[in-house]
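Notes to accompany the following structure.
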Amino acid sequence: MIQKYQFGAPFETDAVVKKLQSNKYPTQTIVNGTTKIILTEDKSHSFTWTYTLKDTDIVYGLGEANRGINKRGWIYKSWCTDDPVHTENKESLYGAHNFIMIYHPETPDSTFALFFDYPGKVTFDIGYTKTNELKIQIEDNNLYVYEITPDNSSPLTNIITQFRALIGQSYLPPRWAFGMGQSRWGYKNANDIRTVYQKYKQAGIPLDSIYLDIDYMVNYKDFTIDTQKFPSLKDLVLELKKDGVRLVPIIDAGVKIEENYDIYEEGKTHDFFCKRKDGTNFVAGVWPGKTHFPDFLNPEVRSWFGSKYKILTDEGIEGFWNDMNEPAIFYSEEGLSETFTKLKECEKENLDIKSFFQTRSLMHSISNNEKDYKRFYHKTTQGIICHDKLHNLFGYNMTRAAGEAFKTISPDKRLLMFSRSSYIGMHRYGGIWMGDNQSWWQHILLNLKMLPSLNMCGFLYTGADTGGFGGNTTRDLLLRWYALSIFTPLFRNHSALGTREQECYQFEQTNDFKSIVQLRYRLIPYLYSEYMKAALNNTMMFRPLTFDYPKDFRVLEIEDQLMLGNEIMIAPIYTQNTRGRYVYLPENMTKIVWQDGEILSTKSLTKGDNYIECDLNQVVFFIKGNAIIPLAPICNCTDKLDYSKLEILGEGASYELYTDNGFTTNPKKDGMIRILKNT
Ligand code: GLC
């Protein structure tokens, strides 16, 4: 059951698609005899929701967030942030997903979840200040709270399905978006792209997409193509597509301020940019230098900006990634000038312990400064509102602009779209990638842990920069990361300018990479089928083991293994110089070992702890004892997937395979379920 509570006059975020009547929130509720919820809409016009956790309670949710699947023991702030160093101490990442679920393992029926539909900053103190206190705070008391309680005896999955029905069907990517993508910030021109394509081809490594980072544009201007570097994008698109490889360009949030640049001129003429209080257009420094931010909260602006994607689809482009849309601000004019004034003031000072460090942090604090988010406004259907009150909706609405436009630009064919920043609701228009991670072993694990949390919030099309974005990767790290990413819907190798090149062919024994990527392609019928079923039925593709084995308390703390779809369990290796790991099997399962482009072995294992060896050139995964999965023949791109020659793997009896043409915008009509049998 879902209860909707209204406090004050909330901003309509459009996160939720179901219309429900609002109720008055009971100020104090006794739950489960012992724990209590205290809600204060206090006189300071802030909002606090408090709950006493039992030692054994688990707190799930928060989508794209740091740390564990169980969020207890830290403080998280929903505030979309461009921060490329995801260390444990960070409180905010790029997305704001205000959904939490409180699970009582001993009394599962009393499990409940909450969604705080508030687009500004929300603080989730989950046992950080006081071990057993969960405190959610907002400096405002205009919001909706949705409370979800289970309708049946599978509370975890049931609550998620109810929530997902509330927020609407997840984005559906085209099937080619399940192929491998190669990306790097630093490919300078068409020849660099051709080299990537040819080297993958020579190495025999399957590939479906190559990403175009900011260098394809003229001076980082959205919807422009630098014809010096890319003489004919259209021809390049055609050339690569013959081999099933698509190009995926980036679009940034800020529009360069430059006379005669049509997007800038149109935006200026129609007043489509975010404004300061005095009515002038707010200026933010990003890649191109000074830019204006399109006011994506305004439907007219969305339809204008969205229509521009056609400039690139007319060149044959079938997918995009939206970036810098928290929005990232390197500096504002106001911030710069205040900083320089302060720097000047201390120029002749004898800087001491205090003033030196203050001065040093001045330059750093010019970027993504919260003061800047208070300096501009949005013209919304609900009035003119300061950005900081709606901050978390910006990236969502940039991607919504594209998603809404795609309905006209490409009514019959799904386009690839994923964003860096997001809020719940955006999951209907695109996926997300996990932002600027690092080539660190712990980021393989963080990648794994975010998957189920994101799925709870509707973000199914997701994955991390495989190999790590920042820092230098190593061959072993990349191989281990590939062994995880071959299971994630978005599977893209991406890295930052200046870091070690990390395309698979840069490393010795490229065949090891080839083999792992080949397994991905063999698995696509299964992955696509499980993705589509999860999207169409409002379920999770990746689940913590507890969701499937709630009576087995041994799995409650397992955060480095996941259920993938209804048949598979994954347990990747995420530490260096290890050739194996312990894996807990919650039931009897078949262990599959993949190596050198083929199944090396299959072995039935019994429930319990098992030490699993897995060399760098291998992938190991597990199929439930009573299940089977389909495997396609190896192919070099998704266009060549042969569904007529599916092989069966596993010891169970049958599998429900979802299939369609791979691009239909109406899967409920065009999709079908085929029952595969183990004969
Ligand atoms: C941001 C993105 C990254 C991209 C870079 C250059 O850091 O997160 O993926 O490569 O900008 O566009």
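So you can find residues: chains in the structure tokens are A, B, ... in the order shown, residues in each start at 1, and ligands are numbered from 1 in order.
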Taking 5 positions as the minimum chain separation for residues in the same chain, which residues sit within 6 Å of region 654-661 of chain A when counting only C-alpha atoms? Answer as a ChimeraX atom specification.
/A:529,671-678
Report as JSON, numbers by chain: the residues of region 132-309 of chain A with a DSSP assignment of helix (DSSP H, G or I), based on the backbone of this structure.
{"A": [155, 156, 157, 158, 159, 160, 161, 162, 163, 164, 165, 166, 167, 175, 176, 177, 178, 190, 191, 192, 193, 194, 195, 196, 197, 198, 199, 200, 201, 202, 203, 214, 215, 216, 233, 234, 235, 236, 237, 238, 239, 240, 241, 262, 263, 264, 265, 266, 267, 268, 269, 299, 300, 301, 302, 303, 304, 305, 306, 307, 309]}
Any chance you could tabulate, as a tab-separated table, the residues of chain A at most 6 Å from ligand 1 with each one's nearest atom pair and distance in Å to one decimal, using only C-alpha atoms and all ligand atoms, in chain and rising number order?
residue	atom	partner	partner_atom_place_in_ligand_line	distance
A:Trp185	CA	ligand 1	10 (O)	4.6
A:Asp213	CA	ligand 1	12 (O)	5.3
A:Ile214	CA	ligand 1	12 (O)	4.9
A:Gly435	CA	ligand 1	8 (O)	5.2
A:Asp436	CA	ligand 1	8 (O)	5.0
A:Ala496	CA	ligand 1	10 (O)	5.7
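Across the structure, CA of Lys379 (chain A) and CA of Gly289 (chain A) are spaced 24.5 Å apart.
The residue that comes closest to Leu247 (chain A), out of A:Ser232, A:Gln182, A:Thr129, A:Ser154 and on the basis of only C-alpha atoms, is A:Gln182.
Comparing the minimum interatomic distances between Val122 (chain A) and each of A:Ala534, A:Leu527, A:Ile136, A:Leu143, counting only C-alpha atoms, we find that A:Ile136 sits nearest.
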I'd like the contact shell of Ala96 (chain A) - 9 Å cut-off, only C-alpha atoms, skipping same-chain residues fewer than 6 positions apart - returned as a list in words.
Leu62, Gly63, Glu64, Ala65, Lys77, Ser78, Trp79, Cys80, Pro119, Lys121, Val122, Asn392, Leu393, Ser421, Ser422, Tyr423 and Ile424 of chain A
Next, dump the selected residues to file, keeping only C-alpha atoms, as a JSON list (two decimals), in the first residue's frame.
[["chain", "number", "residue", "atom", "x", "y", "z"],
["A", 62, "LEU", "CA", 19.54, 5.99, -2.05],
["A", 63, "GLY", "CA", 20.36, 4.88, -5.61],
["A", 64, "GLU", "CA", 23.63, 6.41, -6.72],
["A", 65, "ALA", "CA", 25.40, 6.82, -3.42],
["A", 77, "LYS", "CA", 23.34, 14.30, 1.20],
["A", 78, "SER", "CA", 21.09, 14.31, -1.83],
["A", 79, "TRP", "CA", 22.72, 17.11, -3.74],
["A", 80, "CYS", "CA", 23.79, 16.42, -7.31],
["A", 119, "PRO", "CA", 14.14, 18.62, -5.23],
["A", 121, "LYS", "CA", 19.06, 19.21, -0.51],
["A", 122, "VAL", "CA", 18.02, 16.29, 1.69],
["A", 392, "ASN", "CA", 18.45, 18.11, -8.07],
["A", 393, "LEU", "CA", 16.04, 18.46, -10.98],
["A", 421, "SER", "CA", 23.15, 13.74, -13.06],
["A", 422, "SER", "CA", 19.69, 12.46, -12.18],
["A", 423, "TYR", "CA", 16.68, 12.51, -9.88],
["A", 424, "ILE", "CA", 14.01, 9.84, -9.62]]
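Taking CA of Trp594 (chain A) and CA of Cys614 (chain A) as the two end points, the separation is 9.4 Å.
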Name all residues at most 10 Å from Glu530 (chain A) (count only C-alpha atoms; drop same-chain ones fewer than 5 positions away) and give them as an MDAnalysis selection string.
chainID A and resid 524:525 535:536 539:542 564:567 656:658
Selection export as a CSV table (one decimal), in the first residue's frame, atoms kept: all heavy atoms:
chain,number,residue,atom,x,y,z
A,524,ILE,N,24.1,-11.7,-24.2
A,524,ILE,CA,23.1,-10.6,-24.5
A,524,ILE,C,21.7,-11.1,-24.5
A,524,ILE,O,20.8,-10.4,-24.0
A,524,ILE,CB,23.6,-9.8,-25.7
A,524,ILE,CG1,24.8,-8.9,-25.3
A,524,ILE,CG2,22.4,-8.9,-26.1
A,524,ILE,CD1,25.4,-8.1,-26.4
A,525,PRO,N,21.3,-12.2,-25.2
A,525,PRO,CA,19.9,-12.6,-25.2
A,525,PRO,C,19.4,-12.7,-23.8
A,525,PRO,O,18.3,-12.2,-23.5
A,525,PRO,CB,19.9,-13.9,-25.9
A,525,PRO,CG,21.1,-13.9,-26.8
A,525,PRO,CD,22.2,-13.1,-26.0
A,535,ALA,N,12.2,-4.0,-16.6
A,535,ALA,CA,11.6,-2.7,-16.9
A,535,ALA,C,10.0,-2.8,-17.1
A,535,ALA,O,9.3,-2.0,-16.5
A,535,ALA,CB,12.2,-2.2,-18.2
A,536,LEU,N,9.6,-3.9,-17.7
A,536,LEU,CA,8.2,-4.0,-18.0
A,536,LEU,C,7.4,-4.4,-16.8
A,536,LEU,O,6.2,-4.1,-16.7
A,536,LEU,CB,7.9,-4.9,-19.2
A,536,LEU,CG,8.5,-4.5,-20.5
A,536,LEU,CD1,8.4,-5.6,-21.6
A,536,LEU,CD2,8.0,-3.2,-21.0
A,539,THR,N,10.5,-4.6,-11.8
A,539,THR,CA,11.3,-5.4,-10.9
A,539,THR,C,12.8,-5.0,-11.0
A,539,THR,O,13.1,-4.2,-11.8
A,539,THR,CB,11.2,-6.9,-11.1
A,539,THR,OG1,11.6,-7.2,-12.5
A,539,THR,CG2,9.8,-7.4,-10.9
A,540,MET,N,13.6,-5.6,-10.2
A,540,MET,CA,15.1,-5.3,-10.2
A,540,MET,C,15.8,-6.3,-11.0
A,540,MET,O,15.6,-7.5,-10.8
A,540,MET,CB,15.6,-5.2,-8.8
A,540,MET,CG,15.1,-4.0,-8.0
A,540,MET,SD,15.3,-4.3,-6.2
A,540,MET,CE,17.0,-4.3,-6.0
A,541,MET,N,16.8,-5.9,-11.8
A,541,MET,CA,17.6,-6.8,-12.5
A,541,MET,C,18.7,-7.3,-11.6
A,541,MET,O,19.1,-8.5,-11.6
A,541,MET,CB,18.2,-6.1,-13.8
A,541,MET,CG,18.9,-6.9,-14.7
A,541,MET,SD,19.4,-6.0,-16.2
A,541,MET,CE,20.4,-7.1,-17.0
A,542,PHE,N,19.3,-6.4,-10.8
A,542,PHE,CA,20.3,-6.8,-9.8
A,542,PHE,C,19.7,-6.7,-8.4
A,542,PHE,O,19.2,-5.7,-8.1
A,542,PHE,CB,21.5,-5.8,-9.9
A,542,PHE,CG,22.3,-6.0,-11.2
A,542,PHE,CD1,22.0,-5.2,-12.3
A,542,PHE,CD2,23.2,-7.0,-11.3
A,542,PHE,CE1,22.7,-5.4,-13.5
A,542,PHE,CE2,24.0,-7.1,-12.5
A,542,PHE,CZ,23.7,-6.3,-13.6
A,564,LEU,N,21.5,-11.7,-10.5
A,564,LEU,CA,21.3,-11.0,-11.8
A,564,LEU,C,20.2,-11.7,-12.6
A,564,LEU,O,20.4,-12.8,-13.0
A,564,LEU,CB,22.6,-11.1,-12.6
A,564,LEU,CG,22.9,-10.3,-13.8
A,564,LEU,CD1,24.0,-10.8,-14.7
A,564,LEU,CD2,21.7,-9.8,-14.6
A,565,GLY,N,19.1,-11.0,-12.7
A,565,GLY,CA,17.9,-11.7,-13.3
A,565,GLY,C,17.5,-12.8,-12.4
A,565,GLY,O,17.9,-12.8,-11.2
A,566,ASN,N,16.7,-13.7,-12.9
A,566,ASN,CA,16.1,-14.7,-12.1
A,566,ASN,C,17.0,-16.0,-12.0
A,566,ASN,O,16.7,-16.9,-11.2
A,566,ASN,CB,14.7,-15.1,-12.5
A,566,ASN,CG,13.8,-14.0,-12.1
A,566,ASN,OD1,13.9,-13.4,-11.0
A,566,ASN,ND2,12.8,-13.6,-13.0
A,567,GLU,N,18.0,-16.0,-12.8
A,567,GLU,CA,18.8,-17.3,-12.9
A,567,GLU,C,20.2,-17.2,-12.4
A,567,GLU,O,20.7,-18.3,-12.1
A,567,GLU,CB,18.8,-17.7,-14.4
A,567,GLU,CG,17.5,-18.3,-14.9
A,567,GLU,CD,16.4,-17.3,-15.1
A,567,GLU,OE1,16.7,-16.1,-15.2
A,567,GLU,OE2,15.2,-17.7,-15.1
A,656,GLU,N,12.1,-18.4,-19.6
A,656,GLU,CA,11.2,-17.5,-20.4
A,656,GLU,C,12.0,-16.4,-21.0
A,656,GLU,O,12.5,-15.5,-20.4
A,656,GLU,CB,10.2,-16.8,-19.4
A,656,GLU,CG,9.1,-17.7,-19.0
A,656,GLU,CD,8.0,-17.0,-18.3
A,656,GLU,OE1,8.0,-15.8,-18.2
A,656,GLU,OE2,7.1,-17.7,-17.8
A,657,LEU,N,12.2,-16.5,-22.3
A,657,LEU,CA,13.1,-15.5,-23.0
A,657,LEU,C,12.2,-14.4,-23.6
A,657,LEU,O,11.3,-14.7,-24.4
A,657,LEU,CB,13.8,-16.2,-24.2
A,657,LEU,CG,14.7,-15.3,-25.0
A,657,LEU,CD1,16.0,-15.0,-24.3
A,657,LEU,CD2,15.0,-15.9,-26.4
A,658,TYR,N,12.5,-13.2,-23.2
A,658,TYR,CA,11.8,-12.0,-23.8
A,658,TYR,C,12.6,-11.7,-25.1
A,658,TYR,O,13.9,-11.5,-25.0
A,658,TYR,CB,11.8,-10.8,-22.9
A,658,TYR,CG,11.3,-9.6,-23.6
A,658,TYR,CD1,9.9,-9.3,-23.7
A,658,TYR,CD2,12.2,-8.8,-24.3
A,658,TYR,CE1,9.5,-8.2,-24.4
A,658,TYR,CE2,11.8,-7.7,-25.1
A,658,TYR,CZ,10.4,-7.4,-25.1
A,658,TYR,OH,10.0,-6.3,-25.9
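Compared by their closest atoms to Ser495 (chain A), and using only C-alpha atoms, the residues A:Ala464, A:Ile263, A:Leu545, A:Ile573 rank with A:Ala464 nearest.
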Within 6 Å of Ala483 (chain A) using only C-alpha atoms, minus same-chain residues under 3 positions, as a ChimeraX atom specification
/A:480,486,619
Excluding Ile385 (chain A) and any residue of its chain fewer than 4 positions from it, enumerate the residues within 12 Å of it, using only C-alpha atoms, and give them as a ChimeraX atom specification.
/A:11,119-120,274-277,295,297-298,373-381,389-391
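Nearest residue to Leu490 (chain A), choosing from A:Met180, A:Ile250, A:Val218, A:Met1 and counting only C-alpha atoms: A:Met180.
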Tell me, which residues of region 166-394 of chain A carry DSSP strand (DSSP E), written as a ChimeraX atom specification?
/A:181-182,209-212,246-252,255-256,284-286,289-292,319-323,331-332,377-380,383-386
Output file for the selection above: N, CA and C atoms, as a compact mmCIF listing (two decimals), in the first residue's frame:
# COMPACT_ATOMS: atom_id res chain seq x y z
N GLY A 181 31.02 -0.71 -25.48
CA GLY A 181 31.34 0.63 -25.95
C GLY A 181 32.77 1.00 -25.58
N GLN A 182 33.45 1.64 -26.50
CA GLN A 182 34.79 2.15 -26.19
C GLN A 182 34.76 3.66 -26.21
N SER A 209 29.95 0.25 -30.03
CA SER A 209 29.89 1.71 -30.05
C SER A 209 31.22 2.33 -29.69
N ILE A 210 31.45 3.51 -30.28
CA ILE A 210 32.59 4.34 -29.90
C ILE A 210 32.00 5.70 -29.52
N TYR A 211 32.48 6.22 -28.41
CA TYR A 211 31.91 7.45 -27.88
C TYR A 211 32.70 8.67 -28.34
N LEU A 212 31.96 9.73 -28.62
CA LEU A 212 32.60 10.99 -28.98
C LEU A 212 32.54 11.90 -27.75
N ARG A 246 28.35 1.96 -33.70
CA ARG A 246 27.68 3.26 -33.67
C ARG A 246 28.52 4.30 -32.92
N LEU A 247 28.35 5.55 -33.31
CA LEU A 247 29.04 6.64 -32.60
C LEU A 247 28.06 7.28 -31.62
N VAL A 248 28.55 7.59 -30.43
CA VAL A 248 27.67 8.16 -29.39
C VAL A 248 28.27 9.47 -28.88
N PRO A 249 27.77 10.62 -29.35
CA PRO A 249 28.33 11.90 -28.92
C PRO A 249 27.83 12.37 -27.56
N ILE A 250 28.65 13.20 -26.94
CA ILE A 250 28.32 13.80 -25.63
C ILE A 250 27.60 15.13 -25.87
N ILE A 251 26.70 15.49 -24.95
CA ILE A 251 26.09 16.82 -24.97
C ILE A 251 26.25 17.39 -23.56
N ASP A 252 26.75 18.61 -23.46
CA ASP A 252 26.95 19.24 -22.16
C ASP A 252 25.82 20.21 -21.84
N VAL A 255 25.66 26.25 -22.48
CA VAL A 255 25.72 26.72 -23.88
C VAL A 255 26.72 27.87 -23.96
N LYS A 256 27.72 27.71 -24.80
CA LYS A 256 28.79 28.72 -24.90
C LYS A 256 28.23 30.09 -25.28
N ALA A 284 28.09 30.90 -16.19
CA ALA A 284 28.88 29.86 -15.50
C ALA A 284 30.03 29.43 -16.39
N GLY A 285 31.21 29.32 -15.83
CA GLY A 285 32.35 28.84 -16.60
C GLY A 285 32.36 27.33 -16.61
N VAL A 286 32.38 26.73 -17.81
CA VAL A 286 32.55 25.27 -17.94
C VAL A 286 33.57 25.03 -19.06
N GLY A 289 34.51 27.81 -21.57
CA GLY A 289 34.63 29.14 -20.97
C GLY A 289 33.24 29.54 -20.50
N LYS A 290 32.89 30.81 -20.71
CA LYS A 290 31.61 31.27 -20.16
C LYS A 290 30.41 30.69 -20.92
N THR A 291 29.45 30.21 -20.14
CA THR A 291 28.25 29.61 -20.74
C THR A 291 27.00 30.14 -20.02
N HIS A 292 25.85 29.89 -20.66
CA HIS A 292 24.56 30.06 -19.98
C HIS A 292 23.94 28.68 -19.83
N GLY A 319 22.49 7.63 -30.50
CA GLY A 319 22.60 7.63 -29.04
C GLY A 319 23.43 8.79 -28.54
N PHE A 320 23.20 9.15 -27.26
CA PHE A 320 23.86 10.32 -26.66
C PHE A 320 24.17 10.06 -25.20
N TRP A 321 25.13 10.83 -24.68
CA TRP A 321 25.30 10.92 -23.22
C TRP A 321 25.30 12.38 -22.83
N ASN A 322 24.49 12.68 -21.82
CA ASN A 322 24.33 14.05 -21.32
C ASN A 322 25.24 14.27 -20.13
N ASP A 323 26.05 15.32 -20.20
CA ASP A 323 27.06 15.48 -19.14
C ASP A 323 27.01 16.86 -18.50
N TYR A 331 33.32 27.98 -12.39
CA TYR A 331 33.33 29.27 -11.67
C TYR A 331 32.13 30.07 -12.13
N SER A 332 31.71 31.01 -11.29
CA SER A 332 30.73 32.01 -11.74
C SER A 332 31.45 33.34 -11.77
N TYR A 377 17.91 31.50 -11.23
CA TYR A 377 16.48 31.18 -11.04
C TYR A 377 15.93 30.40 -12.23
N HIS A 378 14.83 29.70 -11.94
CA HIS A 378 14.14 28.97 -13.01
C HIS A 378 12.73 29.51 -13.17
N LYS A 379 12.34 29.60 -14.44
CA LYS A 379 10.97 30.01 -14.72
C LYS A 379 10.16 28.72 -14.92
N THR A 380 9.47 28.31 -13.88
CA THR A 380 8.76 27.02 -13.96
C THR A 380 7.26 27.28 -14.11
N GLY A 383 5.98 29.01 -11.10
CA GLY A 383 6.54 30.32 -10.73
C GLY A 383 8.05 30.36 -10.88
N ILE A 384 8.60 31.52 -10.52
CA ILE A 384 10.06 31.69 -10.63
C ILE A 384 10.68 31.23 -9.31
N ILE A 385 11.59 30.26 -9.42
CA ILE A 385 12.11 29.63 -8.19
C ILE A 385 13.64 29.59 -8.26
N CYS A 386 14.25 29.87 -7.12
CA CYS A 386 15.72 29.88 -7.05
C CYS A 386 16.26 28.46 -7.29
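Of the residues under consideration (A:Asn588, A:Thr638, A:Thr224, A:Asn281), A:Thr638 shows the shortest atom-to-atom contact distance to Ala177 (chain A) when counting only C-alpha atoms.
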Please provide the set of residues having any atom within 8 Å of Leu605 (chain A), restricted to only C-alpha atoms, with same-chain residues fewer than 4 positions apart removed, written as JSON, numbers by chain.
{"A": [588, 589, 590, 591]}
